Every structure is written in C-alpha cells, then in structure tokens.
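Student: Structure in structure tokens, see below.
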Amino acid sequence: MNYSEKVMDHFINPRNVGEIEDADGIGEVGNAKCGDIMKMYLKIDDDTITDCKFKTFGCGAAVATSSMATEMIKGKSISDALQLTNSAVMEALDGLPPVKIHCSVLAEQAVKAALTDYYQKQGIDPEPIVGKVPEMEEEED
Amino acid sequence: MEKRIIYADHSATTAVSDEVLQAMLPYFKENYGNPSSIYRIGRENERAILDARARIAACLGADPKEIFFTAGGSESDNWAIKGVADKLAAKGKKHIITSVFEHHAVLHTCEFLEKHGFEVTYLPVSPDGLIDPQQVADAIREDTALVTIMYANNEIGTIQPIAEIGAICKAKGVLFHTDAVQAVGNVEIDVKAQNIDLLSLSGHKFHAPKGIGALYIRKGVTLPNLIHGGGQESGKRAGTENVPGIVGLAKAIELATADIPAKTAKLTPLRDKLIDGILKIQDTRLNGSREHRLPGSVNISFVGIEGESLLLMLDHYGIMASSGSACTSGSLDPSHVLLSLGLSHEVAHGSLRLSFGEEFTEADADYILAVLPEIVERLRAMSPMWETIQKEGIHFNEDKTKLVK
Ligand SMILES: Cc1ncc(COP(=O)(O)O)c(C=O)c1O
Ligand SMILES: [Zn+2]
C-alpha cells in the first residue's frame, strides 16, 4: 500500500487518540462489517471546539484520516468544522491510494455525527445546520 | 528490545536464494543462446532445460515428459482447468468440482467456465479448514470432468487429504488437479502414489524467481495447446524458454524438497510456540486445523482490531506479515478463505498470517511474541469496537467464529 510519509506518521503517532469523559458531542460512524468504525468526541465552548479526541477501528488510512481530522478542527469554530471535507483531510495527508478513498469519508462523517449529537443534546434540531449524517448500519448476522 | 527485521510472509513470496541465483547467472550472460539454436550455446541451453525438467520431475515422482514450464501458479491453474474443461466438454462432461476456499487463480477460472456453460460445485470446508474426501466422492457425477482441490491453503495453511481425494478420483475415473503452490517443499509429494493427474507449482514460493512455474500433466492426459507458436514445450506452450528461470526452478525445487522431514522438525516447534504464545492474548482464535497445517504457517484472528493496522504496526517493528482483512484488498469483504470457515466479518477483519521458512529462528519467534501483545493492546485501546465489546460483555460464541452478547 503506497501510503505517504504523512499518512504513516499519523498512523504510527496518531494525534488526539482517546475519549473525552464529559464530551459535549459524540459521533460514531461506519460499521464492523465494512471494516472501519470511527468515534469522535468533541468538547465545545461557546461555538469553539476546544478539544477533540477519536477512537478508530480500521485500516491505516482510517486511523490517519481520523487523526488529521481532529487536528484540523481543534480550536476551530463549529462553522469551520462543518466545512471540513474528506478531500481536504486527504490533501493534508498528501493524498491516499485510490482504493483507500472510501476509508477517508468517515472522518468528515464522524465530525458531523458528533456535532449532530451536540445540537441534539442542546435541544436544537441539527439537520438544518449539520445536514444529514448517514445512519450507522447495524451488523446483521 | 533490539529491533529485528523478520520476513514472515513466505506464503506471499520468497527471496531468490544464493544457490539458485548462482545457478541462474550463467544463463543471463555467457550462456545466452536460444535453446532452439544449433551452435554450442544454443545446445547448452537445450541441455539445461532437459536437465532441469528431469530434476524437477524427480522431486515430484513424475516423468520428465510430464513437466511443462509455465509462468507460475496462476498460469498452471488456468491451463489445467480450462484445458481439461475444453477437452472433456466435447465428451459431454461439463461439470467441475472445486472448493470454496481455493486461490482466485482457480476460483475465477471456474467462474469464467460457468459463464461458458459449465457447472461448478464449490465444496464447503470444515470449520478447521479441511475438505472432506467423502464430500468429493458424493459430488462426482456422470458428467464430472475434473476435481480441482488445493494441496495446502495459502491463507490458513491447512493441508488437504490429497491422497484420499486422488484415490477417489481414480476409482471414479475423474481427472484430479491440485494447486500445490503452497505445498511444494513443505510436504512430500508423489504424483503417482497420490494419483494426481495435474499439479500446479510456482517457483517464487520456494526461492526461485517470480514468473516461473510448472504444470505436471500425467502421461495419457492431453491438454489443448496453451500458446500457439513454435515447438517449445512439445508445442503446447510456445515461446522461447525462460532458461534462467527454468534452471533456477530446478535448483530451488531440489533444495526445497531435499530434506522435508528436517525442515518440518525445525519449523513445527517454532510454529507451535508462536501459536501457543499468541493465543495467550485474550480473544484470539487460530484459523485452520492445528494438526493438518504447513510447518511454517500461522493464522490468528484478533477481536476488536483491524488487520491492516496490525500489519502496519508490525512493519513498524520490522515484522513483515499479511492479513485477510478487507481493506488491503480494496473490497469491503474480508478474505473468502476466512469467511469459508464460518467467521463473521468482524472476526475475519482482524486476522494475521505469519508464514516463514528455514531461516526463521527461535529469536525471531521470541521477538514476535514480545512485540505482538503490545501492538494488540495499543490498537485495542484505540478501537471503538473493542470498547463496545468490553462495555456490553460481547464475547466469542462456542466455536469462536462470531461475537455474541
Ligand atoms: C495457492 C496458490 N495458488 C496460486 C498462486 C499464484 O501463483 P503465481 O503468483 O505464481 O501466479 C498462489 C500465489 O499467490 C497461491 O498461493
Ligand atoms: Zn479502510
């Protein structure tokens, strides 16, 4: 797999791994069947993402994109975070092999899922702000 | 601990050994003649091929005339299966028996034939990765042209009851092909005693170069020509011969089959040490029979982690291995071999294959056993799936194929 140096760096030394105990928003996307699950924790203070952590089950690309995504939204406003696209994350990682592009979409989705959770906890309808986040598929036996 | 570099992916390919390289070198430079040419360096090449064919045949219990050089395992598999299908279709035999966990060189060839009017029976394998010879016998019909069952599985390393299947096919008058790409050099093969009609082998799995292999075609079995052209390989596979490759193949197969009992005696304890050591890690499973297994092959699933990330971490520690996870293949499905054992996708995603050869040492095994638990722990600590498993008390079912609450 032809991963860039940046991808390998973010895989071997992932930034912001872990959980946030009192997170304001938590989003989990992907499923075990397809091979990648990403969980994103956000701490939000006055519209700013003050902390962000992740846990990922998945391949090198999935781990590296999660790590890069957390770096890209930490300290940013919610509206900036909502602008995050998987192609921007990929670009920041100096690209991904073509077969791995599908793994990178989870990072963008995880951020959106966490923000959806944040708004729901506030009693605000997230959809007009965040848009639709694909539901997690349940694994069927 | 000092970092080691360990190549534990022999089932994928092997390095050309020094002896093999030395044997090949003259045929690149001073002995470059075309084997079909009349002058000395031509004749020497013709002799080299003749000699190589005889030596390879001797390693398999075959006759030299029964060995045909090809570009490797995939080509041999294609030729054997399509060749028999083509020959026997004319006699109204359009049924093939194979198994669900064959290499894609066999499976995709069978799927191709299905599109051309053949019927294929894909036999299931047991939960420990073995074919039941009785099922082969039961599947044989009047119109069965061929049984093709691999000798040893490339992912889980299980060795199939080839002699039994050979005897059944002989008794029923059905041709028997085996893909022995993973078996050559690891198990004693005697095509006559085991009633094998066609056998595929590939040099790069036992220290010959990539792109050279052979198909054994038992005398009396006639396959259609694979490549039309000149008279090479009795006119069956035309094209100026890959003489360095052929010479290397002969040297490599001699070395690989010279002392299989000694190699087995050396590698089996190391394999078992690895298996026992790795299975001490919580929530792991050995894939494939423990007993009927290649001496240098280990396949283990780790719950809660994904195969590719495991491989990348191992590579970081100098260990080269492989996995049947989906993400490496670019598809969403994990390996068909692991799924054929009945594993759920979640269990199959976290698999690791370690395959090694004679240079593997006790110190290598110790190193793997030292770093692997740390890596697994680290990946599990960052896995949301592992978190869910712990929180909800999810665990293996009885046969460790699925995760249940
Ligand atoms: C069981 C089996 N069959 C066939 C092949 C294909 O061999 P080759 O790479 O020489 O075409 C392989 C190697 O990957 C194999 O393991
Ligand atoms: Zn992936």
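Ordering of the structure tokens sets the chain letters (A, B, ...); residue numbers start at 1 within each chain; ligands are numbered from 1 in the order shown.
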Around ligand 1, at most 7 Å away and counting only C-alpha atoms and all ligand atoms, which residues are there? Put them as a list in words, please.

Tutor: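 Using only C-alpha atoms and all ligand atoms, everything at most 7 Å from ligand 1 comes to Ser11, Ala12, Ala71, Gly72, Gly73, Ser74, Glu75, Glu102, His103, Ala105, Met150, Ala152, Asn153, Asn154, Asp179, Ala180, Val181, Gln182, Ser202, Gly203, His204, Lys210, Gly211 and Gly213 of chain B.
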
Student: For chain A, which residues have at least one atom within 7 Å of chain B, if we go by only C-alpha atoms? Write them as a count of residues only, please.

Tutor: 16

Student: Please indicate the distance in Å from CA of Glu19 (chain B) to CA of Thr257 (chain B), rounded to one decimal place.

Tutor: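 Between CA of Glu19 (chain B) and CA of Thr257 (chain B) the gap works out to 14.5 Å.
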
Student: Write out as an mmCIF file with all heavy atoms, in the first residue's frame the residues lying within 10 Å of Ile101 (chain A), counting only C-alpha atoms and excluding same-chain residues fewer than 3 positions away.

Tutor:
data_model
loop_
_atom_site.group_PDB
_atom_site.id
_atom_site.type_symbol
_atom_site.label_atom_id
_atom_site.label_comp_id
_atom_site.auth_asym_id
_atom_site.auth_seq_id
_atom_site.Cartn_x
_atom_site.Cartn_y
_atom_site.Cartn_z
ATOM 1 N N ALA A 61 -5.365 4.057 6.625
ATOM 2 C CA ALA A 61 -5.990 5.275 6.086
ATOM 3 C C ALA A 61 -7.061 5.792 7.030
ATOM 4 O O ALA A 61 -7.187 7.004 7.240
ATOM 5 C CB ALA A 61 -6.593 4.988 4.712
ATOM 6 N N ALA A 62 -7.825 4.885 7.616
ATOM 7 C CA ALA A 62 -8.896 5.295 8.522
ATOM 8 C C ALA A 62 -8.312 5.963 9.772
ATOM 9 O O ALA A 62 -8.795 7.008 10.216
ATOM 10 C CB ALA A 62 -9.755 4.088 8.908
ATOM 11 N N ASN A 86 -13.710 15.487 3.311
ATOM 12 C CA ASN A 86 -12.730 14.397 3.289
ATOM 13 C C ASN A 86 -11.617 14.684 2.289
ATOM 14 O O ASN A 86 -10.483 14.266 2.490
ATOM 15 C CB ASN A 86 -13.383 13.033 3.056
ATOM 16 C CG ASN A 86 -14.168 12.969 1.793
ATOM 17 O OD1 ASN A 86 -15.098 13.728 1.610
ATOM 18 N ND2 ASN A 86 -13.772 12.071 0.909
ATOM 19 N N SER A 87 -11.936 15.445 1.237
ATOM 20 C CA SER A 87 -10.844 15.729 0.295
ATOM 21 C C SER A 87 -9.807 16.664 0.910
ATOM 22 O O SER A 87 -8.613 16.522 0.641
ATOM 23 C CB SER A 87 -11.377 16.271 -1.029
ATOM 24 O OG SER A 87 -12.211 17.364 -0.809
ATOM 25 N N MET A 90 -7.715 14.454 3.094
ATOM 26 C CA MET A 90 -6.823 13.669 2.233
ATOM 27 C C MET A 90 -5.658 14.504 1.724
ATOM 28 O O MET A 90 -4.517 14.048 1.701
ATOM 29 C CB MET A 90 -7.598 13.125 1.031
ATOM 30 C CG MET A 90 -8.067 11.739 1.281
ATOM 31 S SD MET A 90 -8.887 10.908 -0.057
ATOM 32 C CE MET A 90 -8.966 12.006 -1.396
ATOM 33 N N GLY A 95 -2.462 12.970 0.154
ATOM 34 C CA GLY A 95 -3.175 12.007 -0.700
ATOM 35 C C GLY A 95 -3.255 10.609 -0.102
ATOM 36 O O GLY A 95 -2.566 10.283 0.858
ATOM 37 N N LEU A 96 -4.161 9.815 -0.693
ATOM 38 C CA LEU A 96 -4.338 8.420 -0.274
ATOM 39 C C LEU A 96 -4.376 7.557 -1.534
ATOM 40 O O LEU A 96 -4.786 8.039 -2.597
ATOM 41 C CB LEU A 96 -5.668 8.251 0.467
ATOM 42 C CG LEU A 96 -5.758 8.708 1.917
ATOM 43 C CD1 LEU A 96 -7.193 8.558 2.407
ATOM 44 C CD2 LEU A 96 -4.815 7.903 2.805
ATOM 45 N N PRO A 97 -3.975 6.304 -1.438
ATOM 46 C CA PRO A 97 -4.113 5.408 -2.591
ATOM 47 C C PRO A 97 -5.589 5.336 -3.003
ATOM 48 O O PRO A 97 -6.465 5.378 -2.121
ATOM 49 C CB PRO A 97 -3.640 4.055 -2.062
ATOM 50 C CG PRO A 97 -2.836 4.364 -0.836
ATOM 51 C CD PRO A 97 -3.403 5.623 -0.265
ATOM 52 N N PRO A 98 -5.876 5.234 -4.295
ATOM 53 C CA PRO A 98 -7.268 5.253 -4.778
ATOM 54 C C PRO A 98 -8.191 4.269 -4.044
ATOM 55 O O PRO A 98 -9.322 4.631 -3.706
ATOM 56 C CB PRO A 98 -7.140 4.878 -6.248
ATOM 57 C CG PRO A 98 -5.754 5.288 -6.628
ATOM 58 C CD PRO A 98 -4.909 5.153 -5.400
ATOM 59 N N SER A 104 -11.626 7.375 3.850
ATOM 60 C CA SER A 104 -11.415 8.733 4.346
ATOM 61 C C SER A 104 -12.729 9.469 4.585
ATOM 62 O O SER A 104 -12.761 10.447 5.318
ATOM 63 C CB SER A 104 -10.555 9.523 3.360
ATOM 64 O OG SER A 104 -11.315 9.847 2.213
ATOM 65 N N VAL A 105 -13.820 9.012 3.971
ATOM 66 C CA VAL A 105 -15.090 9.736 4.128
ATOM 67 C C VAL A 105 -15.597 9.675 5.559
ATOM 68 O O VAL A 105 -16.363 10.528 5.989
ATOM 69 C CB VAL A 105 -16.187 9.213 3.162
ATOM 70 C CG1 VAL A 105 -15.742 9.325 1.722
ATOM 71 C CG2 VAL A 105 -16.554 7.779 3.480
ATOM 72 N N LEU A 106 -15.127 8.659 6.299
ATOM 73 C CA LEU A 106 -15.611 8.502 7.665
ATOM 74 C C LEU A 106 -15.229 9.684 8.545
ATOM 75 O O LEU A 106 -15.974 10.041 9.459
ATOM 76 C CB LEU A 106 -15.051 7.215 8.278
ATOM 77 C CG LEU A 106 -15.705 5.908 7.833
ATOM 78 C CD1 LEU A 106 -15.121 4.760 8.631
ATOM 79 C CD2 LEU A 106 -17.216 5.957 8.029
ATOM 80 N N GLY B 330 -9.008 -3.741 -1.037
ATOM 81 C CA GLY B 330 -9.759 -2.701 -1.715
ATOM 82 C C GLY B 330 -11.237 -3.034 -1.849
ATOM 83 O O GLY B 330 -12.010 -2.244 -2.369
#

Student: Can you list, as a list in words, every protein, DNA or RNA residue that comes within 10 Å of Gly27 (chain A) when you count only C-alpha atoms, leaving out same-chain residues fewer than 6 positions away?

Tutor: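 So, after excluding close chain neighbours, the residues are Met38, Lys39, Met40, Tyr41, Leu42, Phe54, Gln109, Ala110, Val111, Lys112, Ala113, Ala114, Leu115, Thr116, Asp117, Tyr118 and Val133 of chain A.
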
Student: I'd like to know which residues of region 145-326 of chain B are strand (DSSP E or B) (by DSSP, run on the backbone); could you write them as an MDAnalysis selection string?

Tutor: chainID B and resid 145:148 152 158:159 175:179 184 187 198:202 213:217 227 237 284:286 293 297:302 319:320 322

Student: Generate the output file for the selected residues, N, CA and C atoms, as a CSV table (one decimal), in the first residue's frame.

Tutor:
chain,number,residue,atom,x,y,z
B,145,ALA,N,-16.0,-33.6,-15.2
B,145,ALA,CA,-14.8,-33.6,-16.0
B,145,ALA,C,-13.6,-33.5,-15.1
B,146,LEU,N,-13.7,-32.8,-14.0
B,146,LEU,CA,-12.4,-32.5,-13.2
B,146,LEU,C,-12.8,-32.2,-11.8
B,147,VAL,N,-11.9,-32.7,-10.9
B,147,VAL,CA,-11.9,-32.3,-9.5
B,147,VAL,C,-10.6,-31.5,-9.3
B,148,THR,N,-10.8,-30.2,-8.8
B,148,THR,CA,-9.6,-29.4,-8.5
B,148,THR,C,-9.7,-28.9,-7.1
B,152,ALA,N,-2.4,-27.2,-0.3
B,152,ALA,CA,-2.4,-26.5,1.0
B,152,ALA,C,-2.9,-25.1,0.8
B,158,THR,N,-3.8,-24.9,5.9
B,158,THR,CA,-4.2,-26.3,6.1
B,158,THR,C,-3.9,-27.2,4.9
B,159,ILE,N,-3.5,-28.4,5.3
B,159,ILE,CA,-3.1,-29.4,4.3
B,159,ILE,C,-4.3,-30.3,4.0
B,175,LEU,N,-10.6,-36.9,-13.7
B,175,LEU,CA,-9.3,-36.3,-13.6
B,175,LEU,C,-9.2,-35.4,-12.3
B,176,PHE,N,-8.0,-35.4,-11.7
B,176,PHE,CA,-7.8,-34.7,-10.5
B,176,PHE,C,-6.6,-33.7,-10.6
B,177,HIS,N,-6.9,-32.4,-10.4
B,177,HIS,CA,-5.9,-31.4,-10.5
B,177,HIS,C,-5.7,-30.9,-9.0
B,178,THR,N,-4.5,-30.6,-8.7
B,178,THR,CA,-4.3,-29.9,-7.4
B,178,THR,C,-3.3,-28.7,-7.5
B,179,ASP,N,-3.7,-27.6,-6.9
B,179,ASP,CA,-2.9,-26.4,-6.9
B,179,ASP,C,-2.0,-26.6,-5.7
B,184,VAL,N,4.6,-27.4,-2.3
B,184,VAL,CA,5.9,-27.9,-2.7
B,184,VAL,C,7.0,-27.4,-1.8
B,187,VAL,N,5.6,-30.4,2.0
B,187,VAL,CA,5.1,-31.7,2.2
B,187,VAL,C,5.6,-32.6,1.1
B,198,LEU,N,-2.9,-33.7,-12.5
B,198,LEU,CA,-2.4,-32.4,-12.9
B,198,LEU,C,-2.0,-31.7,-11.6
B,199,LEU,N,-0.8,-31.1,-11.6
B,199,LEU,CA,-0.3,-30.4,-10.4
B,199,LEU,C,0.3,-29.0,-10.8
B,200,SER,N,-0.1,-28.0,-10.1
B,200,SER,CA,0.5,-26.6,-10.4
B,200,SER,C,1.5,-26.3,-9.3
B,201,LEU,N,2.6,-25.7,-9.8
B,201,LEU,CA,3.6,-25.2,-8.8
B,201,LEU,C,4.1,-23.9,-9.3
B,202,SER,N,4.7,-23.1,-8.3
B,202,SER,CA,5.2,-21.8,-8.6
B,202,SER,C,6.5,-21.6,-7.9
B,213,GLY,N,7.1,-21.3,-13.3
B,213,GLY,CA,6.4,-22.4,-12.6
B,213,GLY,C,6.3,-23.5,-13.5
B,214,ALA,N,5.5,-24.5,-13.1
B,214,ALA,CA,5.3,-25.7,-14.0
B,214,ALA,C,3.9,-26.3,-13.7
B,215,LEU,N,3.5,-27.0,-14.8
B,215,LEU,CA,2.3,-27.8,-14.6
B,215,LEU,C,2.7,-29.2,-14.9
B,216,TYR,N,2.4,-30.1,-14.0
B,216,TYR,CA,2.6,-31.5,-14.2
B,216,TYR,C,1.4,-32.1,-14.9
B,217,ILE,N,1.5,-32.7,-16.0
B,217,ILE,CA,0.4,-33.3,-16.8
B,217,ILE,C,0.7,-34.8,-16.9
B,227,ILE,N,-0.3,-21.9,-25.7
B,227,ILE,CA,0.1,-20.8,-26.5
B,227,ILE,C,0.6,-21.4,-27.8
B,237,ARG,N,3.2,-25.0,-25.3
B,237,ARG,CA,3.3,-23.6,-24.8
B,237,ARG,C,4.4,-23.0,-25.5
B,284,THR,N,-8.6,-14.3,21.0
B,284,THR,CA,-7.9,-14.6,19.8
B,284,THR,C,-8.4,-16.0,19.3
B,285,ARG,N,-8.1,-16.3,18.1
B,285,ARG,CA,-8.6,-17.6,17.5
B,285,ARG,C,-7.6,-18.0,16.5
B,286,LEU,N,-7.3,-19.3,16.5
B,286,LEU,CA,-6.4,-19.9,15.5
B,286,LEU,C,-7.3,-20.3,14.3
B,293,ARG,N,-1.4,-28.8,9.1
B,293,ARG,CA,-1.1,-27.5,8.9
B,293,ARG,C,0.4,-27.4,8.4
B,297,SER,N,3.3,-22.0,8.9
B,297,SER,CA,2.2,-21.1,8.7
B,297,SER,C,1.3,-21.0,9.9
B,298,VAL,N,1.0,-19.7,10.3
B,298,VAL,CA,0.1,-19.4,11.4
B,298,VAL,C,-0.9,-18.4,11.0
B,299,ASN,N,-2.2,-18.6,11.3
B,299,ASN,CA,-3.2,-17.6,11.0
B,299,ASN,C,-4.1,-17.4,12.2
B,300,ILE,N,-4.1,-16.2,12.8
B,300,ILE,CA,-4.8,-15.9,14.0
B,300,ILE,C,-5.7,-14.7,13.8
B,301,SER,N,-6.9,-14.7,14.4
B,301,SER,CA,-7.8,-13.6,14.4
B,301,SER,C,-7.7,-12.9,15.8
B,302,PHE,N,-7.7,-11.6,15.8
B,302,PHE,CA,-7.7,-10.8,17.0
B,302,PHE,C,-9.0,-10.0,17.0
B,319,ILE,N,8.5,-6.4,11.4
B,319,ILE,CA,7.9,-7.7,11.1
B,319,ILE,C,7.0,-7.6,9.8
B,320,MET,N,7.4,-8.3,8.8
B,320,MET,CA,6.6,-8.3,7.6
B,320,MET,C,5.6,-9.5,7.5
B,322,SER,N,1.1,-10.7,6.7
B,322,SER,CA,-0.1,-10.3,5.8
B,322,SER,C,-1.4,-10.6,6.6

Student: Expressed in Å to a single decimal, how great is the separation between CA of Pro244 (chain B) and CA of Ser17 (chain B)?

Tutor: 13.7 Å

Student: Pick the closest to Ala92 (chain A) from A:Asp24, A:Met1, A:Thr48, A:Lys6: which is it, counting only C-alpha atoms?

Tutor: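 Between A:Asp24, A:Met1, A:Thr48, A:Lys6, the residue approaching Ala92 (chain A) most closely is A:Lys6.
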
Student: Tyr7 (chain B): which residues within 12 Å, counting only C-alpha atoms, same-chain residues fewer than 6 positions away excluded, as an MDAnalysis selection string?

Tutor: chainID B and resid 13:15 296 314:315 317:322 353:361 364:365 368

Student: Got a sec to tell me which of region 33-274 of chain B DSSP assigns to alpha helix (DSSP H), as a ChimeraX atom specification?

Tutor: /B:40-60,73-89,104-114,133-139,162-172,243-257,260-274

Student: Kindly save the residues from that selection, with C-alpha atoms included, as an mmCIF file, in the first residue's frame.

Tutor:
data_model
loop_
_atom_site.group_PDB
_atom_site.id
_atom_site.type_symbol
_atom_site.label_atom_id
_atom_site.label_comp_id
_atom_site.auth_asym_id
_atom_site.auth_seq_id
_atom_site.Cartn_x
_atom_site.Cartn_y
_atom_site.Cartn_z
ATOM 1 C CA ARG B 40 27.132 -24.650 -28.822
ATOM 2 C CA ILE B 41 25.497 -22.050 -26.556
ATOM 3 C CA GLY B 42 22.149 -22.999 -28.051
ATOM 4 C CA ARG B 43 22.716 -26.690 -27.415
ATOM 5 C CA GLU B 44 23.892 -25.960 -23.882
ATOM 6 C CA ASN B 45 20.639 -24.208 -23.184
ATOM 7 C CA GLU B 46 18.641 -27.067 -24.614
ATOM 8 C CA ARG B 47 20.580 -29.435 -22.378
ATOM 9 C CA ALA B 48 19.989 -27.185 -19.368
ATOM 10 C CA ILE B 49 16.244 -27.365 -19.937
ATOM 11 C CA LEU B 50 16.322 -31.113 -20.417
ATOM 12 C CA ASP B 51 18.312 -31.488 -17.237
ATOM 13 C CA ALA B 52 16.044 -29.135 -15.273
ATOM 14 C CA ARG B 53 12.932 -30.954 -16.435
ATOM 15 C CA ALA B 54 14.338 -34.272 -15.265
ATOM 16 C CA ARG B 55 15.376 -32.921 -11.889
ATOM 17 C CA ILE B 56 12.010 -31.294 -11.267
ATOM 18 C CA ALA B 57 10.206 -34.466 -12.306
ATOM 19 C CA ALA B 58 12.330 -36.480 -9.876
ATOM 20 C CA CYS B 59 11.261 -34.225 -6.987
ATOM 21 C CA LEU B 60 7.601 -34.984 -7.696
ATOM 22 C CA GLY B 73 0.912 -20.846 -10.373
ATOM 23 C CA SER B 74 -1.843 -18.805 -11.947
ATOM 24 C CA GLU B 75 -0.938 -19.868 -15.460
ATOM 25 C CA SER B 76 -0.666 -23.521 -14.467
ATOM 26 C CA ASP B 77 -4.069 -23.403 -12.760
ATOM 27 C CA ASN B 78 -5.675 -21.714 -15.757
ATOM 28 C CA TRP B 79 -4.175 -24.149 -18.217
ATOM 29 C CA ALA B 80 -5.086 -27.248 -16.203
ATOM 30 C CA ILE B 81 -8.688 -26.279 -15.552
ATOM 31 C CA LYS B 82 -9.600 -24.647 -18.857
ATOM 32 C CA GLY B 83 -7.642 -27.295 -20.725
ATOM 33 C CA VAL B 84 -9.494 -30.215 -19.164
ATOM 34 C CA ALA B 85 -12.798 -28.385 -19.486
ATOM 35 C CA ASP B 86 -12.186 -27.796 -23.158
ATOM 36 C CA LYS B 87 -11.152 -31.391 -23.836
ATOM 37 C CA LEU B 88 -13.937 -33.067 -21.935
ATOM 38 C CA ALA B 89 -16.762 -30.731 -22.940
ATOM 39 C CA HIS B 104 -8.505 -16.946 -7.041
ATOM 40 C CA ALA B 105 -6.490 -18.431 -9.904
ATOM 41 C CA VAL B 106 -8.752 -21.473 -9.538
ATOM 42 C CA LEU B 107 -11.971 -19.786 -8.410
ATOM 43 C CA HIS B 108 -12.027 -17.104 -11.077
ATOM 44 C CA THR B 109 -11.169 -19.677 -13.726
ATOM 45 C CA CYS B 110 -14.139 -21.766 -12.592
ATOM 46 C CA GLU B 111 -16.374 -18.694 -12.605
ATOM 47 C CA PHE B 112 -15.224 -17.976 -16.145
ATOM 48 C CA LEU B 113 -16.171 -21.514 -17.173
ATOM 49 C CA GLU B 114 -19.579 -21.136 -15.545
ATOM 50 C CA PRO B 133 -12.950 -36.578 0.798
ATOM 51 C CA GLN B 134 -16.364 -38.189 1.205
ATOM 52 C CA GLN B 135 -17.954 -34.962 0.004
ATOM 53 C CA VAL B 136 -15.757 -35.095 -3.079
ATOM 54 C CA ALA B 137 -16.898 -38.659 -3.736
ATOM 55 C CA ASP B 138 -20.548 -37.683 -3.247
ATOM 56 C CA ALA B 139 -20.251 -34.723 -5.612
ATOM 57 C CA ILE B 162 -4.839 -35.175 -1.299
ATOM 58 C CA ALA B 163 -4.024 -38.884 -1.474
ATOM 59 C CA GLU B 164 -7.559 -39.795 -0.401
ATOM 60 C CA ILE B 165 -9.094 -37.442 -2.944
ATOM 61 C CA GLY B 166 -6.714 -38.772 -5.604
ATOM 62 C CA ALA B 167 -7.769 -42.342 -4.876
ATOM 63 C CA ILE B 168 -11.445 -41.424 -5.099
ATOM 64 C CA CYS B 169 -10.965 -39.658 -8.418
ATOM 65 C CA LYS B 170 -9.001 -42.564 -9.816
ATOM 66 C CA ALA B 171 -11.651 -45.056 -8.728
ATOM 67 C CA LYS B 172 -14.368 -42.946 -10.319
ATOM 68 C CA VAL B 243 16.061 -20.633 -19.399
ATOM 69 C CA PRO B 244 17.452 -18.814 -16.332
ATOM 70 C CA GLY B 245 14.067 -19.229 -14.651
ATOM 71 C CA ILE B 246 13.860 -22.909 -15.565
ATOM 72 C CA VAL B 247 17.372 -23.577 -14.279
ATOM 73 C CA GLY B 248 16.553 -21.644 -11.100
ATOM 74 C CA LEU B 249 13.307 -23.566 -10.646
ATOM 75 C CA ALA B 250 15.133 -26.883 -10.838
ATOM 76 C CA LYS B 251 17.766 -25.819 -8.329
ATOM 77 C CA ALA B 252 15.156 -24.381 -5.980
ATOM 78 C CA ILE B 253 12.854 -27.385 -6.004
ATOM 79 C CA GLU B 254 15.788 -29.720 -5.339
ATOM 80 C CA LEU B 255 16.843 -27.660 -2.352
ATOM 81 C CA ALA B 256 13.270 -27.276 -1.115
ATOM 82 C CA THR B 257 12.469 -30.970 -1.278
ATOM 83 C CA ILE B 260 11.407 -32.040 4.165
ATOM 84 C CA PRO B 261 11.381 -34.064 7.415
ATOM 85 C CA ALA B 262 14.270 -31.993 8.780
ATOM 86 C CA LYS B 263 12.622 -28.737 7.773
ATOM 87 C CA THR B 264 9.341 -29.864 9.319
ATOM 88 C CA ALA B 265 11.105 -30.887 12.509
ATOM 89 C CA LYS B 266 12.763 -27.497 12.724
ATOM 90 C CA LEU B 267 9.775 -25.295 11.893
ATOM 91 C CA THR B 268 6.909 -27.124 13.607
ATOM 92 C CA PRO B 269 8.043 -26.349 17.173
ATOM 93 C CA LEU B 270 8.559 -22.693 16.225
ATOM 94 C CA ARG B 271 5.130 -22.565 14.632
ATOM 95 C CA ASP B 272 3.543 -24.147 17.686
ATOM 96 C CA LYS B 273 5.403 -21.827 20.002
ATOM 97 C CA LEU B 274 4.018 -18.875 18.046
#

Student: Set the distance at 7 Å and use only C-alpha atoms: which residues neighbour Ala23 (chain A) once local chain neighbours fewer than 2 positions away are removed? I'd like the list as a short mmCIF file (atom, residue, chain, number, x, y, z; two decimals) with C-alpha atoms, in the first residue's frame.

Tutor:
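Contents of the output file result01.cif:
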data_model
loop_
_atom_site.label_atom_id
_atom_site.label_comp_id
_atom_site.auth_asym_id
_atom_site.auth_seq_id
_atom_site.Cartn_x
_atom_site.Cartn_y
_atom_site.Cartn_z
CA ILE A 20 -13.35 12.85 26.46
CA GLU A 21 -15.20 11.97 29.67
CA GLY A 25 -20.86 15.76 21.37
CA ILE A 26 -20.02 12.17 20.43
CA TYR A 41 -15.55 13.17 20.90
CA LEU A 42 -15.92 16.98 20.96
CA LYS A 43 -15.65 19.49 23.77
#
